[in-house]
Each structure stands twice: as structure tokens, then as C-alpha cells.
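Participant: start20.cif is reproduced below (mmCIF, C-alpha atoms).
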data_model
#
loop_
_atom_site.label_atom_id
_atom_site.label_comp_id
_atom_site.auth_asym_id
_atom_site.auth_seq_id
_atom_site.Cartn_x
_atom_site.Cartn_y
_atom_site.Cartn_z
CA MET A 198 -17.93 -20.13 0.32
CA ALA A 199 -14.66 -18.76 1.63
CA LEU A 200 -11.49 -19.88 -0.07
CA THR A 201 -9.38 -22.39 1.84
CA ILE A 202 -6.08 -24.03 1.04
CA THR A 203 -6.89 -27.29 -0.76
CA PRO A 204 -5.75 -30.72 0.49
CA GLU A 205 -3.81 -31.04 -2.76
CA GLU A 206 -1.71 -27.96 -1.93
CA PHE A 207 -0.90 -29.24 1.55
CA ALA A 208 0.19 -32.53 -0.03
CA GLN A 209 2.37 -30.68 -2.53
CA ARG A 210 4.06 -28.77 0.30
CA ARG A 211 4.83 -31.96 2.19
CA SER A 212 6.11 -33.63 -0.97
CA LYS A 213 8.38 -30.71 -1.78
CA LEU A 214 9.77 -30.63 1.75
CA MET A 215 10.50 -34.36 1.65
CA ASP A 216 12.31 -33.93 -1.66
CA LEU A 217 14.43 -31.18 -0.12
CA ILE A 218 15.44 -33.05 3.03
CA GLY A 219 16.29 -36.26 1.21
CA GLY A 220 15.55 -39.95 1.54
CA ASP A 221 17.73 -40.60 4.59
CA ALA A 222 16.04 -38.02 6.80
CA ILE A 223 13.04 -37.66 9.07
CA ALA A 224 11.24 -34.40 9.85
CA ILE A 225 9.37 -33.80 13.09
CA ILE A 226 6.96 -30.86 13.40
CA PRO A 227 5.02 -30.37 16.67
CA SER A 228 1.81 -28.39 16.92
CA ALA A 229 1.21 -25.50 19.27
CA SER A 230 -0.18 -26.22 22.72
CA LEU A 231 -3.03 -24.64 24.61
CA LYS A 232 -1.87 -21.78 26.82
CA GLN A 233 -3.45 -21.19 30.20
CA ARG A 234 -5.11 -17.77 30.61
CA ASN A 235 -6.32 -18.14 34.17
CA SER A 236 -7.28 -20.90 36.58
CA ASP A 237 -10.06 -22.38 34.47
CA ALA A 238 -9.65 -21.05 30.93
CA GLU A 239 -7.15 -21.05 28.08
CA PHE A 240 -6.24 -18.41 25.56
CA ALA A 241 -7.83 -18.84 22.15
CA PHE A 242 -5.82 -21.51 20.34
CA ARG A 243 -3.50 -20.41 17.52
CA GLN A 244 -1.77 -23.19 15.63
CA ASP A 245 2.00 -23.22 15.09
CA SER A 246 2.58 -21.68 11.67
CA ASP A 247 4.99 -24.34 10.39
CA PHE A 248 2.65 -27.12 11.49
CA LEU A 249 -0.35 -25.36 9.93
CA TYR A 250 1.54 -24.75 6.67
CA LEU A 251 2.26 -28.47 6.23
CA THR A 252 -0.90 -30.06 7.60
CA GLY A 253 -3.87 -27.69 7.76
CA PHE A 254 -4.62 -29.49 11.04
CA ASN A 255 -5.84 -26.99 13.60
CA GLU A 256 -5.71 -28.93 16.87
CA PRO A 257 -3.25 -28.80 19.77
CA ASP A 258 -1.26 -31.76 21.13
CA SER A 259 -0.32 -33.06 17.70
CA VAL A 260 2.91 -33.98 15.92
CA ALA A 261 3.48 -34.39 12.19
CA VAL A 262 6.25 -36.72 11.02
CA LEU A 263 7.56 -36.87 7.46
CA ILE A 264 9.63 -39.91 6.46
CA PRO A 265 10.64 -39.65 2.79
CA GLY A 266 10.60 -42.93 0.88
CA ARG A 267 9.05 -45.02 3.64
CA GLU A 268 6.93 -47.69 1.94
CA GLU A 269 4.27 -48.04 4.63
CA SER A 270 3.60 -44.32 5.03
CA GLU A 271 5.56 -41.11 4.50
CA TYR A 272 3.27 -38.76 6.41
CA ILE A 273 2.22 -39.74 9.92
CA LEU A 274 0.13 -37.61 12.24
CA PHE A 275 0.01 -38.12 15.99
CA CYS A 276 -3.08 -36.48 17.49
CA ARG A 277 -5.74 -36.72 20.15
CA GLU A 278 -8.20 -39.59 20.01
CA LYS A 279 -11.88 -38.75 19.78
CA ASP A 280 -13.44 -38.54 23.22
CA PRO A 281 -17.20 -37.82 23.18
CA LYS A 282 -17.22 -36.75 26.82
CA LYS A 283 -14.35 -34.29 26.34
CA GLU A 284 -15.78 -33.05 23.03
CA GLN A 285 -18.98 -32.08 24.85
CA TRP A 286 -16.94 -29.72 27.03
CA THR A 287 -14.25 -28.40 24.69
CA GLY A 288 -15.36 -29.03 21.11
CA ARG A 289 -14.98 -31.53 18.32
CA MET A 290 -11.80 -33.44 17.52
CA ALA A 291 -10.79 -34.97 14.22
CA GLY A 292 -9.50 -38.11 15.91
CA ILE A 293 -7.36 -40.80 14.34
CA GLU A 294 -9.86 -41.49 11.55
CA GLY A 295 -10.28 -37.81 10.72
CA ALA A 296 -6.53 -37.29 10.54
CA VAL A 297 -6.42 -39.83 7.71
CA GLU A 298 -9.74 -39.21 5.98
CA THR A 299 -9.91 -35.42 6.21
CA TYR A 300 -6.29 -34.34 6.59
CA GLN A 301 -4.70 -36.94 4.31
CA ALA A 302 -2.25 -38.47 6.75
CA ASP A 303 -0.99 -41.79 5.42
CA ASP A 304 -1.33 -43.11 8.93
CA ALA A 305 -2.27 -41.69 12.34
CA PHE A 306 -1.70 -42.70 15.93
CA PRO A 307 -2.80 -41.46 19.35
CA ILE A 308 -0.52 -38.74 20.68
CA ASP A 309 -0.21 -40.72 23.92
CA ASP A 310 1.60 -43.48 21.99
CA ILE A 311 4.25 -41.25 20.43
CA ASP A 312 7.03 -42.27 22.85
CA ASP A 313 6.54 -45.91 21.87
CA ILE A 314 6.24 -45.38 18.12
CA LEU A 315 8.38 -42.45 17.04
CA PRO A 316 11.81 -43.87 17.98
CA GLY A 317 11.15 -46.78 15.63
CA LEU A 318 10.43 -44.34 12.81
CA MET A 319 13.88 -42.80 13.37
CA GLU A 320 15.72 -46.06 12.86
CA ASN A 321 18.10 -46.08 9.88
CA ARG A 322 17.58 -42.37 9.27
CA SER A 323 20.81 -40.36 9.35
CA LYS A 324 19.34 -36.86 9.82
CA VAL A 325 16.61 -35.43 12.00
CA TYR A 326 15.09 -32.20 10.66
CA TYR A 327 13.65 -30.41 13.65
CA SER A 328 13.55 -26.80 14.83
CA VAL A 329 15.36 -26.80 18.16
CA GLY A 330 14.71 -24.03 20.69
CA ASN A 331 10.99 -23.35 20.28
CA ASN A 332 9.88 -25.78 22.98
CA ALA A 333 12.42 -26.88 25.58
CA GLU A 334 10.32 -29.78 26.83
CA PHE A 335 9.72 -31.15 23.36
CA ASP A 336 13.44 -30.70 22.55
CA LYS A 337 14.19 -33.09 25.44
CA ARG A 338 11.74 -35.65 24.09
CA VAL A 339 13.26 -35.58 20.62
CA ILE A 340 16.74 -36.11 22.08
CA SER A 341 15.43 -38.95 24.24
CA TRP A 342 13.98 -40.65 21.15
CA VAL A 343 17.31 -40.41 19.37
CA ASN A 344 19.10 -41.80 22.41
CA SER A 345 16.71 -44.74 22.57
CA VAL A 346 17.60 -45.58 18.95
CA LYS A 347 21.31 -45.24 19.72
CA ALA A 348 20.89 -47.87 22.41
CA LYS A 349 20.05 -50.38 19.66
CA VAL A 350 23.15 -49.87 17.51
CA ARG A 351 24.63 -53.22 18.65
CA ASN A 352 21.59 -54.86 17.10
CA GLY A 353 22.50 -53.37 13.73
CA VAL A 354 20.17 -50.38 13.91
CA GLN A 355 21.49 -47.09 12.52
CA ALA A 356 20.71 -44.07 14.68
CA PRO A 357 20.45 -40.49 13.42
CA HIS A 358 23.78 -38.74 13.79
CA GLU A 359 22.87 -35.22 12.67
CA PHE A 360 20.29 -32.64 13.70
CA VAL A 361 19.38 -30.10 11.01
CA SER A 362 17.21 -27.05 11.61
CA LEU A 363 13.97 -27.51 9.73
CA ASN A 364 13.80 -23.72 9.41
CA VAL A 365 16.53 -23.72 6.77
CA VAL A 366 14.35 -25.39 4.15
CA LEU A 367 10.80 -24.90 5.42
CA HIS A 368 11.01 -21.16 5.95
CA GLU A 369 12.41 -20.61 2.49
CA MET A 370 9.40 -22.49 1.13
CA ARG A 371 7.01 -20.34 3.17
CA LEU A 372 8.59 -17.15 1.86
CA PHE A 373 7.06 -17.68 -1.60
CA LYS A 374 3.28 -17.49 -1.55
CA SER A 375 1.18 -19.66 -3.85
CA ALA A 376 -1.85 -18.36 -5.72
CA GLN A 377 -4.14 -19.70 -2.97
CA GLU A 378 -2.07 -18.04 -0.25
CA GLN A 379 -2.07 -14.76 -2.15
CA GLN A 380 -5.86 -14.82 -2.39
CA LEU A 381 -6.26 -15.51 1.32
CA MET A 382 -4.04 -12.49 1.99
CA ARG A 383 -6.07 -10.34 -0.42
CA ASP A 384 -9.23 -11.31 1.43
CA ALA A 385 -7.62 -10.46 4.77
CA ALA A 386 -6.48 -7.14 3.34
CA ASN A 387 -9.96 -6.28 2.07
CA VAL A 388 -11.52 -6.87 5.49
CA SER A 389 -8.78 -4.81 7.12
CA VAL A 390 -9.43 -1.97 4.69
CA LYS A 391 -13.08 -1.90 5.75
CA ALA A 392 -12.08 -1.77 9.40
CA HIS A 393 -9.73 1.17 8.87
CA GLU A 394 -12.34 3.05 6.85
CA GLN A 395 -14.87 2.52 9.65
CA ALA A 396 -12.43 3.83 12.25
CA MET A 397 -11.87 6.99 10.22
CA LYS A 398 -15.63 7.52 9.87
CA VAL A 399 -16.49 7.19 13.56
CA CYS A 400 -13.43 8.81 15.15
CA LYS A 401 -14.04 12.02 17.09
CA PRO A 402 -12.46 13.88 20.00
CA GLY A 403 -13.30 12.42 23.39
CA MET A 404 -13.49 8.82 22.24
CA MET A 405 -11.25 6.30 23.95
CA GLU A 406 -8.56 4.47 22.03
CA TYR A 407 -10.23 1.18 22.89
CA GLU A 408 -13.45 2.33 21.23
CA LEU A 409 -11.66 2.51 17.91
CA ASP A 410 -9.97 -0.81 18.68
CA ALA A 411 -13.45 -2.31 19.11
CA GLU A 412 -14.40 -1.26 15.57
CA TYR A 413 -11.56 -3.42 14.24
CA ILE A 414 -12.39 -6.45 16.35
CA TYR A 415 -16.05 -6.24 15.31
CA THR A 416 -15.23 -5.93 11.61
CA PHE A 417 -12.72 -8.79 11.69
CA ARG A 418 -15.00 -11.15 13.61
CA LYS A 419 -18.03 -10.31 11.48
CA ALA A 420 -16.04 -11.48 8.45
CA GLY A 421 -15.03 -14.72 10.20
CA MET A 422 -11.47 -13.55 10.81
CA GLU A 423 -9.31 -12.75 13.83
CA PRO A 424 -6.94 -9.90 14.68
CA ALA A 425 -3.55 -10.88 13.24
CA TYR A 426 -1.88 -9.20 16.23
CA THR A 427 -2.75 -6.92 19.12
CA SER A 428 -3.86 -3.70 17.49
CA ILE A 429 -2.00 -0.45 18.11
CA VAL A 430 -4.32 2.53 18.61
CA GLY A 431 -2.13 5.40 19.72
CA GLY A 432 -3.43 8.93 20.03
CA GLY A 433 -1.07 11.90 20.28
CA GLU A 434 2.12 11.04 22.14
CA ASN A 435 1.14 7.35 22.17
CA GLY A 436 1.57 7.32 18.40
CA CYS A 437 5.30 7.83 18.98
CA ILE A 438 5.53 4.52 20.87
CA LEU A 439 6.19 1.91 18.19
CA HIS A 440 4.49 -1.03 19.91
CA TYR A 441 1.94 0.78 22.05
CA ILE A 442 -0.91 -1.65 22.84
CA GLU A 443 -2.51 -0.32 26.03
CA ASN A 444 -5.17 1.48 23.94
CA ASN A 445 -6.75 3.00 27.05
CA GLN A 446 -6.36 6.78 26.68
CA PRO A 447 -8.78 9.44 25.42
CA LEU A 448 -8.37 10.78 21.90
CA LYS A 449 -7.79 14.52 22.06
CA ASP A 450 -8.89 17.27 19.71
CA GLY A 451 -5.91 18.40 17.64
CA ASP A 452 -3.97 15.14 17.98
CA LEU A 453 -3.27 12.47 15.40
CA VAL A 454 -4.17 8.84 16.01
CA LEU A 455 -1.94 6.09 14.63
CA ILE A 456 -3.64 2.72 14.13
CA ASP A 457 -1.72 -0.42 13.21
CA ALA A 458 -4.22 -3.27 12.80
CA GLY A 459 -4.86 -6.17 10.46
CA ALA A 460 -7.07 -9.21 10.08
CA GLU A 461 -5.89 -12.81 10.02
CA ASN A 462 -7.59 -15.10 7.52
CA GLN A 463 -7.12 -18.84 8.17
CA GLY A 464 -3.70 -18.08 9.58
CA TYR A 465 -2.65 -15.55 6.93
CA ALA A 466 -2.07 -12.00 8.11
CA SER A 467 -2.68 -8.55 6.81
CA ASP A 468 -0.85 -5.61 8.36
CA ILE A 469 -1.99 -2.02 7.78
CA THR A 470 -1.15 1.25 9.47
CA ARG A 471 -2.93 4.52 8.90
CA THR A 472 -2.56 7.82 10.72
CA PHE A 473 -5.26 10.49 10.71
CA PRO A 474 -6.38 13.53 12.75
CA VAL A 475 -8.79 12.83 15.59
CA ASN A 476 -10.91 15.83 14.58
CA GLY A 477 -10.72 15.14 10.84
CA ARG A 478 -8.41 18.02 9.93
CA PHE A 479 -4.60 17.98 9.75
CA SER A 480 -2.74 20.91 11.29
CA PRO A 481 -0.01 22.51 9.13
CA GLU A 482 2.74 20.63 11.01
CA GLN A 483 0.88 17.34 10.87
CA ARG A 484 0.20 17.84 7.18
CA ALA A 485 3.86 18.56 6.44
CA LEU A 486 5.23 15.46 8.19
CA TYR A 487 2.42 13.27 6.90
CA GLN A 488 3.16 14.24 3.31
CA ILE A 489 6.85 13.46 3.80
CA THR A 490 5.95 10.02 5.15
CA LEU A 491 3.53 9.38 2.30
CA ASP A 492 6.07 10.44 -0.31
CA ALA A 493 8.59 8.13 1.36
CA GLN A 494 6.15 5.25 1.12
CA TYR A 495 5.48 5.89 -2.55
CA ALA A 496 9.23 5.96 -3.21
CA ALA A 497 9.71 2.71 -1.28
CA ILE A 498 6.87 0.91 -3.05
CA GLU A 499 8.38 1.95 -6.38
CA GLN A 500 11.53 0.05 -5.39
CA ALA A 501 9.60 -3.08 -4.35
CA LYS A 502 9.94 -5.03 -7.58
CA PRO A 503 11.71 -8.13 -8.89
CA GLY A 504 15.48 -7.89 -9.08
CA ASN A 505 15.80 -5.08 -6.55
CA ARG A 506 17.33 -5.85 -3.18
CA TRP A 507 15.32 -6.17 0.01
CA ILE A 508 17.01 -3.04 1.37
CA ASP A 509 16.22 -0.83 -1.65
CA PRO A 510 12.72 0.22 -0.49
CA HIS A 511 14.17 1.17 2.90
CA ASN A 512 16.96 3.21 1.35
CA ALA A 513 14.45 5.05 -0.82
CA ALA A 514 12.27 5.87 2.19
CA VAL A 515 15.25 7.03 4.25
CA ARG A 516 16.30 9.46 1.53
CA VAL A 517 12.85 11.04 1.22
CA ILE A 518 12.35 11.27 5.00
CA THR A 519 15.79 12.75 5.63
CA ALA A 520 15.33 15.32 2.87
CA GLY A 521 11.91 16.23 4.24
CA LEU A 522 13.14 16.61 7.80
CA LEU A 523 15.98 18.76 6.51
CA GLU A 524 13.56 20.98 4.61
CA GLN A 525 11.34 21.40 7.68
CA GLY A 526 14.30 22.32 9.90
CA LEU A 527 14.14 19.20 12.08
CA LEU A 528 17.57 18.22 10.78
CA GLU A 529 20.47 20.42 9.79
CA GLY A 530 23.44 19.69 7.57
CA ASP A 531 24.30 18.02 4.28
CA LEU A 532 21.76 15.47 3.01
CA GLU A 533 24.28 12.78 2.06
CA THR A 534 26.13 13.15 5.36
CA LEU A 535 22.89 12.99 7.33
CA ILE A 536 21.97 9.76 5.53
CA SER A 537 25.39 8.13 5.84
CA GLU A 538 25.61 9.00 9.55
CA GLU A 539 21.97 7.95 10.13
CA LYS A 540 21.07 11.27 11.73
CA TYR A 541 17.43 10.58 10.82
CA GLN A 542 17.20 7.76 13.39
CA PRO A 543 15.80 9.82 16.29
CA PHE A 544 12.77 10.39 14.03
CA TYR A 545 12.79 7.14 12.02
CA MET A 546 14.31 4.24 13.92
CA HIS A 547 12.94 1.11 12.24
CA LYS A 548 13.23 -0.63 8.90
CA THR A 549 10.68 0.08 6.20
CA GLY A 550 9.12 -3.37 6.19
CA HIS A 551 9.16 -7.08 6.90
CA TRP A 552 7.99 -10.31 5.31
CA LEU A 553 4.29 -11.07 5.72
CA GLY A 554 2.42 -14.39 5.65
CA LEU A 555 1.38 -16.96 8.23
CA ASP A 556 3.27 -14.84 10.74
CA VAL A 557 2.90 -11.07 10.82
CA HIS A 558 6.68 -10.81 10.89
CA ASP A 559 6.94 -13.78 8.61
CA VAL A 560 9.81 -16.20 8.19
CA GLY A 561 12.48 -16.05 5.49
CA ASP A 562 16.03 -14.75 5.31
CA TYR A 563 16.62 -11.10 4.48
CA LYS A 564 20.20 -11.80 3.46
CA LEU A 565 21.82 -14.61 1.50
CA ASP A 566 25.58 -15.13 1.80
CA ASN A 567 25.67 -11.93 3.87
CA GLU A 568 24.18 -9.86 1.03
CA TRP A 569 20.70 -8.37 0.93
CA ARG A 570 18.63 -10.80 -1.09
CA SER A 571 16.82 -9.90 -4.29
CA LEU A 572 13.06 -9.55 -4.33
CA GLU A 573 11.28 -12.24 -6.32
CA PRO A 574 7.69 -12.90 -7.45
CA GLY A 575 5.55 -14.49 -4.75
CA MET A 576 7.18 -12.66 -1.85
CA VAL A 577 4.92 -10.44 0.28
CA LEU A 578 6.31 -7.62 2.37
CA THR A 579 5.06 -4.59 4.22
CA VAL A 580 6.14 -1.07 3.31
CA GLU A 581 5.81 1.15 6.38
CA PRO A 582 7.90 4.31 6.73
CA GLY A 583 7.23 6.58 9.68
CA ILE A 584 8.18 9.77 11.45
CA TYR A 585 7.99 10.08 15.24
CA VAL A 586 8.71 13.33 17.06
CA SER A 587 9.00 12.92 20.82
CA PRO A 588 9.33 15.99 23.04
CA SER A 589 12.84 17.45 23.20
CA ASP A 590 14.29 20.82 24.15
CA LYS A 591 16.15 20.68 20.82
CA ILE A 592 12.91 20.58 18.81
CA ASP A 593 10.33 23.33 18.33
CA LYS A 594 7.28 22.45 20.44
CA LYS A 595 4.97 22.69 17.45
CA TRP A 596 6.32 19.32 16.25
CA TRP A 597 6.02 17.48 19.55
CA ASN A 598 4.04 14.22 19.80
CA ILE A 599 3.45 13.90 16.07
CA GLY A 600 3.70 10.17 15.32
CA ILE A 601 2.99 9.01 11.76
CA ARG A 602 3.27 5.64 10.06
CA ILE A 603 1.73 4.57 6.75
CA GLU A 604 1.84 0.84 6.01
CA ASP A 605 0.63 -1.30 3.14
CA ASP A 606 1.07 -4.95 2.14
CA VAL A 607 2.88 -5.48 -1.15
CA LEU A 608 3.05 -8.64 -3.26
CA ILE A 609 6.01 -8.89 -5.62
CA THR A 610 4.80 -9.92 -9.09
CA GLU A 611 6.48 -10.86 -12.36
CA THR A 612 6.17 -7.29 -13.65
CA GLY A 613 6.40 -5.20 -10.48
CA ASN A 614 4.10 -5.35 -7.49
CA GLU A 615 0.51 -5.49 -6.33
CA ILE A 616 -0.52 -3.43 -3.31
CA LEU A 617 -2.87 -5.84 -1.56
CA THR A 618 -4.13 -3.06 0.72
CA GLY A 619 -4.23 -0.42 -2.02
CA ALA A 620 -7.98 0.18 -1.70
CA LEU A 621 -7.47 2.03 1.60
CA ILE A 622 -7.15 5.78 1.20
CA LYS A 623 -4.06 7.60 2.45
CA GLU A 624 -3.96 10.96 0.64
CA ILE A 625 -4.58 13.89 2.98
CA ASP A 626 -7.55 15.27 1.06
CA ASP A 627 -9.17 11.82 0.82
CA ILE A 628 -8.85 11.23 4.56
CA GLU A 629 -10.30 14.62 5.44
CA GLN A 630 -13.17 14.15 2.99
CA LEU A 631 -14.04 10.69 4.36
CA MET A 632 -13.96 11.90 7.96
CA TYR A 633 -16.28 14.82 7.17
CA GLN A 634 -18.95 12.85 5.30
#
Would you give me this structure, written as C-alpha cells?
Facilitator:
Amino acid sequence: MALTITPEEFAQRRSKLMDLIGGDAIAIIPSASLKQRNSDAEFAFRQDSDFLYLTGFNEPDSVAVLIPGREESEYILFCREKDPKKEQWTGRMAGIEGAVETYQADDAFPIDDIDDILPGLMENRSKVYYSVGNNAEFDKRVISWVNSVKAKVRNGVQAPHEFVSLNVVLHEMRLFKSAQEQQLMRDAANVSVKAHEQAMKVCKPGMMEYELDAEYIYTFRKAGMEPAYTSIVGGGENGCILHYIENNQPLKDGDLVLIDAGAENQGYASDITRTFPVNGRFSPEQRALYQITLDAQYAAIEQAKPGNRWIDPHNAAVRVITAGLLEQGLLEGDLETLISEEKYQPFYMHKTGHWLGLDVHDVGDYKLDNEWRSLEPGMVLTVEPGIYVSPSDKIDKKWWNIGIRIEDDVLITETGNEILTGALIKEIDDIEQLMYQ
């Protein structure tokens, strides 16, 4: 049976959050809503990550409310009532009873009653923890609830007088992954590794980018997972477009193909990029730039350990890439000057990684008090240096349209790091051998 986050862990998360916000506060966390795809169908539902993190409840049109210290109930869930007729068309609902029995809400109410009930829960609470700006319509409702409480102040009711962004405390919690979260991410990584291996095995000149994309979707879905994001399958010049997602061009003999794709496991993402030759053999120029990128990634991963700063892996990758471009004649000048003046940016224009978790670009501050924060055990980040050479009359044509990125998912541990995606090959000889089996 697949691992899932236990009810006990969800309860611990809610308890910790309530401790952090304090006994005079109330926290309001809305779910995601269904999004219309066309006139009679919606997009596949994806729960809001904050809501999912605290509740495990995977239905739309829901609101979680945390009220620390409230005797009757501290955790209230507003959700849809069970409706057998609607369930026959659109699927099962937990309902009010399920919200309590299965999802451990202390109490639950129909979502249609929230305007009548929630203002009363705000009474005599001084702070409202809520993430403003994600949903303009819901923002208006929250403000209206506060105003309705303010209207009762002459009756001796205290109204909230301060809004605090829930992100400040909740996103710091989400930054550190528990043992259960880490295992879900390992499982997502393992499925993603299989998908990338399959793409390398079947790739050949003349295929369409979307044919390789289909290999990923099939592998993810067969394992009961979803794509964590829209996959990037960029052949040749398309590999130099950082967020290329059209995936509709033929793969040409002699080109590289860059594939950025990862599975999502119960909300938790993996994020892998590999670059390999369409015909299974690197050209001398492709081999040279690939090896620079790989060496940069190794140097960056070496810096991804407790006590180092978030920026240290990036700085290590920049140094290796700049030195490599200098050696190959793509840059000219003094190494230190090239680095300090960021002359590498036409070829390497992004950071070397990002946080990873319930969101692909996961939440959490990169700086604290305006200083790059230190890496700590439980954090998960990507390490993804790249080199992209777009056509230019200043560059020898032999380098044109070489786009390379190599990305792995790295968990910071007590003693160093664990490469969650480390089972996927990336050495040149290993890639060529796999593609020629």
C-alpha cells in the first residue's frame, strides 16, 4: 500500500500552527476551487497546497478554520454536504460526517452556512491569520466577516483589529520536510527516474517532442501519480527556451533534447531535468558543454549541506560554468572579472535551484534579515545548472542551439545531503550506453 501522510501528522501540523499564532488569533485557510476548462468541463482539480498541508482534505469549496484554545472545537471544516444525486455525476464527497470522522475536524458545517457561522468564530479574537491576495473574491468575504463583527462592538464584542499573513508562519513550517514527506518525495523521484530512463531508451530522430512527453505521462499515471508541472521537451533550439512547453516539434538527428519533467505524489513534487542527444551520440561541442554543466552540478551539490548558505551552490556552479566557457572560447577575459560582472549570464541566466515540496517552486524564504539563509536538515532543493547558446553573430556557429540543463532533487541531511533523484544516470558514457542498448 502506498505511503500517505497519517492523520496524526496532519493534527501535529495544525497544533504547531496554532501554537505559533497564539491564543488570541484565528486562522482561515480556503481550499482551491474548480477551474472551468470549457463550456461543460473543468480542469482536473488540484488542491491548494496550504490547505492540503493542514487538512489532507482533497475537495473544492472548503474552508479550514483554526481557533486556538476554543473549548468547543479548535479545528472547524466548512465543506460540501453529501448529495447523492450530485455524487452520481461528479464523484463522492466526504460530507459533514466524513470531515469529522475521516479528516479529524473537531466540528464541520456546510459551506453554504459559512457567512452565518464564521463571523461568530471571529468574536473576541484580536488577529486574523489569512493570506491576502490569492483570491480577490474570498478576500472581500473575509473583510465582510470582520466588519460584521465590528458592528457588534457596542454590545461588548471585541473585533479583530489586525490581519497577519498566514504565509509568514505556515510557509516556514512547510520548508522543513518530515520523514513522511521525505518518503513521498523519494517515491515521486523514483517514478520520475523511470520515466526519464524510458525516454532515453525510445528517443530517436524523427520522433515528435510530444511522443517523448507521452512516455512521461504514461509512466506517472501508471504509478498512480500526476505530472507535477507541464513537462518541457525541447529539441535543438527549443532547449534554449527555459520554459518551453509547446512540445510539438520534430526531434532532429544531431540535436540535443532537454527534458524537464517530474511526477507529483499526493501533492509532493519531484523535478528532474536531463539533456541527451536525439541520436544517442554527443557531438564534440555538445560533449564539451555538457561536461561543464555536469561538473558545475557536482560542485553545486557539494555545497548543498548544513551550515552553508542557500547561495553557495549557485556560486559554485557559476564559477565552474564561467571557467568552462572561458576555456572553450565562448567568453574572453579574466575569470574573476567575468564572474563579478556576471558576463556568464547570456549563457546561464537563472539561479541554480529552488525549494521543492508541495509546490514545484516551493514556499519558504531564501533570505532572513536580508542575508542568504543557511541550509538546514529537512530542506529539499533542486540543483540545476545549465548552459544555453542561442544563435549570435558573436558566437561560432558550431555552438548554436545547444541547450543543456541537468537537475536533481537534493534533501539536506544532518551530515550532508541525499540526492533523491540520484538513481538517474547523467554521465556521458552512461547515457550513450543506455541509448544504444
Participant: Please list as a VMD selection string every residue within 9 Å of Asn512 in chain A, counting all atoms listed in the file and excluding residues in the same chain fewer than 4 positions away.
Facilitator: chain A and resid 497 508 516 to 517 549
Participant: So what does the PyMOL selection byres ((chain A and resi 370-374) around 7) actually pick up in this one, as a short mmCIF file (atom, residue, chain, number, x, y, z; two decimals) with C-alpha atoms, in the frame of the given file?
Facilitator:
data_model
loop_
_atom_site.label_atom_id
_atom_site.label_comp_id
_atom_site.auth_asym_id
_atom_site.auth_seq_id
_atom_site.Cartn_x
_atom_site.Cartn_y
_atom_site.Cartn_z
CA VAL A 366 14.35 -25.39 4.15
CA LEU A 367 10.80 -24.90 5.42
CA HIS A 368 11.01 -21.16 5.95
CA GLU A 369 12.41 -20.61 2.49
CA SER A 375 1.18 -19.66 -3.85
CA ALA A 376 -1.85 -18.36 -5.72
CA GLU A 378 -2.07 -18.04 -0.25
CA GLN A 379 -2.07 -14.76 -2.15
CA VAL A 560 9.81 -16.20 8.19
CA GLY A 561 12.48 -16.05 5.49
CA GLY A 575 5.55 -14.49 -4.75
CA MET A 576 7.18 -12.66 -1.85
#
Participant: When you draw a straight line from CA of Leu439 in chain A to CA of Asn505 in chain A, how long is it in Å?
Facilitator: 27.4 Å
Participant: Would you mind telling me which residue in A:Pro503, A:Pro281, A:Phe306, A:Met319 lies nearest to Pro265 in chain A when using only C-alpha atoms?
Facilitator: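 Closest to Pro265 in chain A, using only C-alpha atoms: A:Met319.
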Participant: At a cut-off of 9 Å around the point (5.2, -33.4, 10.0) (file coordinates), what residues fall inside when counting all atoms listed in the file? I'd like the answer as a PyMOL selection string.
Facilitator: chain A and resi 211+223-227+248+251-252+260-264+272-274
Participant: Between CA of Leu231 in chain A and CA of Asp258 in chain A, what distance in Å does the model show, to one decimal?
Facilitator: 8.1 Å
Participant: Determine, counting only C-alpha atoms, which protein, DNA and RNA residues have an atom within 10 Å of an atom of Leu527 in chain A; residues of the same chain fewer than 6 positions away are not included. Present the result as a ChimeraX atom specification.
Facilitator: /A:519,521,541,544,586,591-593,596
Participant: Apply the PyMOL selection byres ((chain A and resi 605) around 12) to the displayed file and report the matching residues as a PyMOL selection string.
Facilitator: chain A and resi 383+386-387+389-390+457-459+467-471+491+494-495+497-498+501+549-553+577-582+602-604+606-608+614-623
Participant: Please compute the CA of Val346 in chain A-CA of Pro316 in chain A distance, one decimal, in Å.
Facilitator: 6.1 Å
Participant: Up to 7 Å from (19.5, -5.6, -4.1) in the file's coordinates: name the residues, counting all atoms listed in the file, as an MDAnalysis selection string.
Facilitator: chainID A and resid 504:509 569:571
Participant: Could you pull the residues within 10 Å of Pro447 in chain A, counting all atoms listed in the file, minus those fewer than 4 positions along the same chain, as a list in words?
Facilitator: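 Within the cut-off, the hits are Pro402, Gly403, Met404, Met405, Glu406, Tyr407, Glu408, Gly431, Gly432 and Gly433 of chain A.
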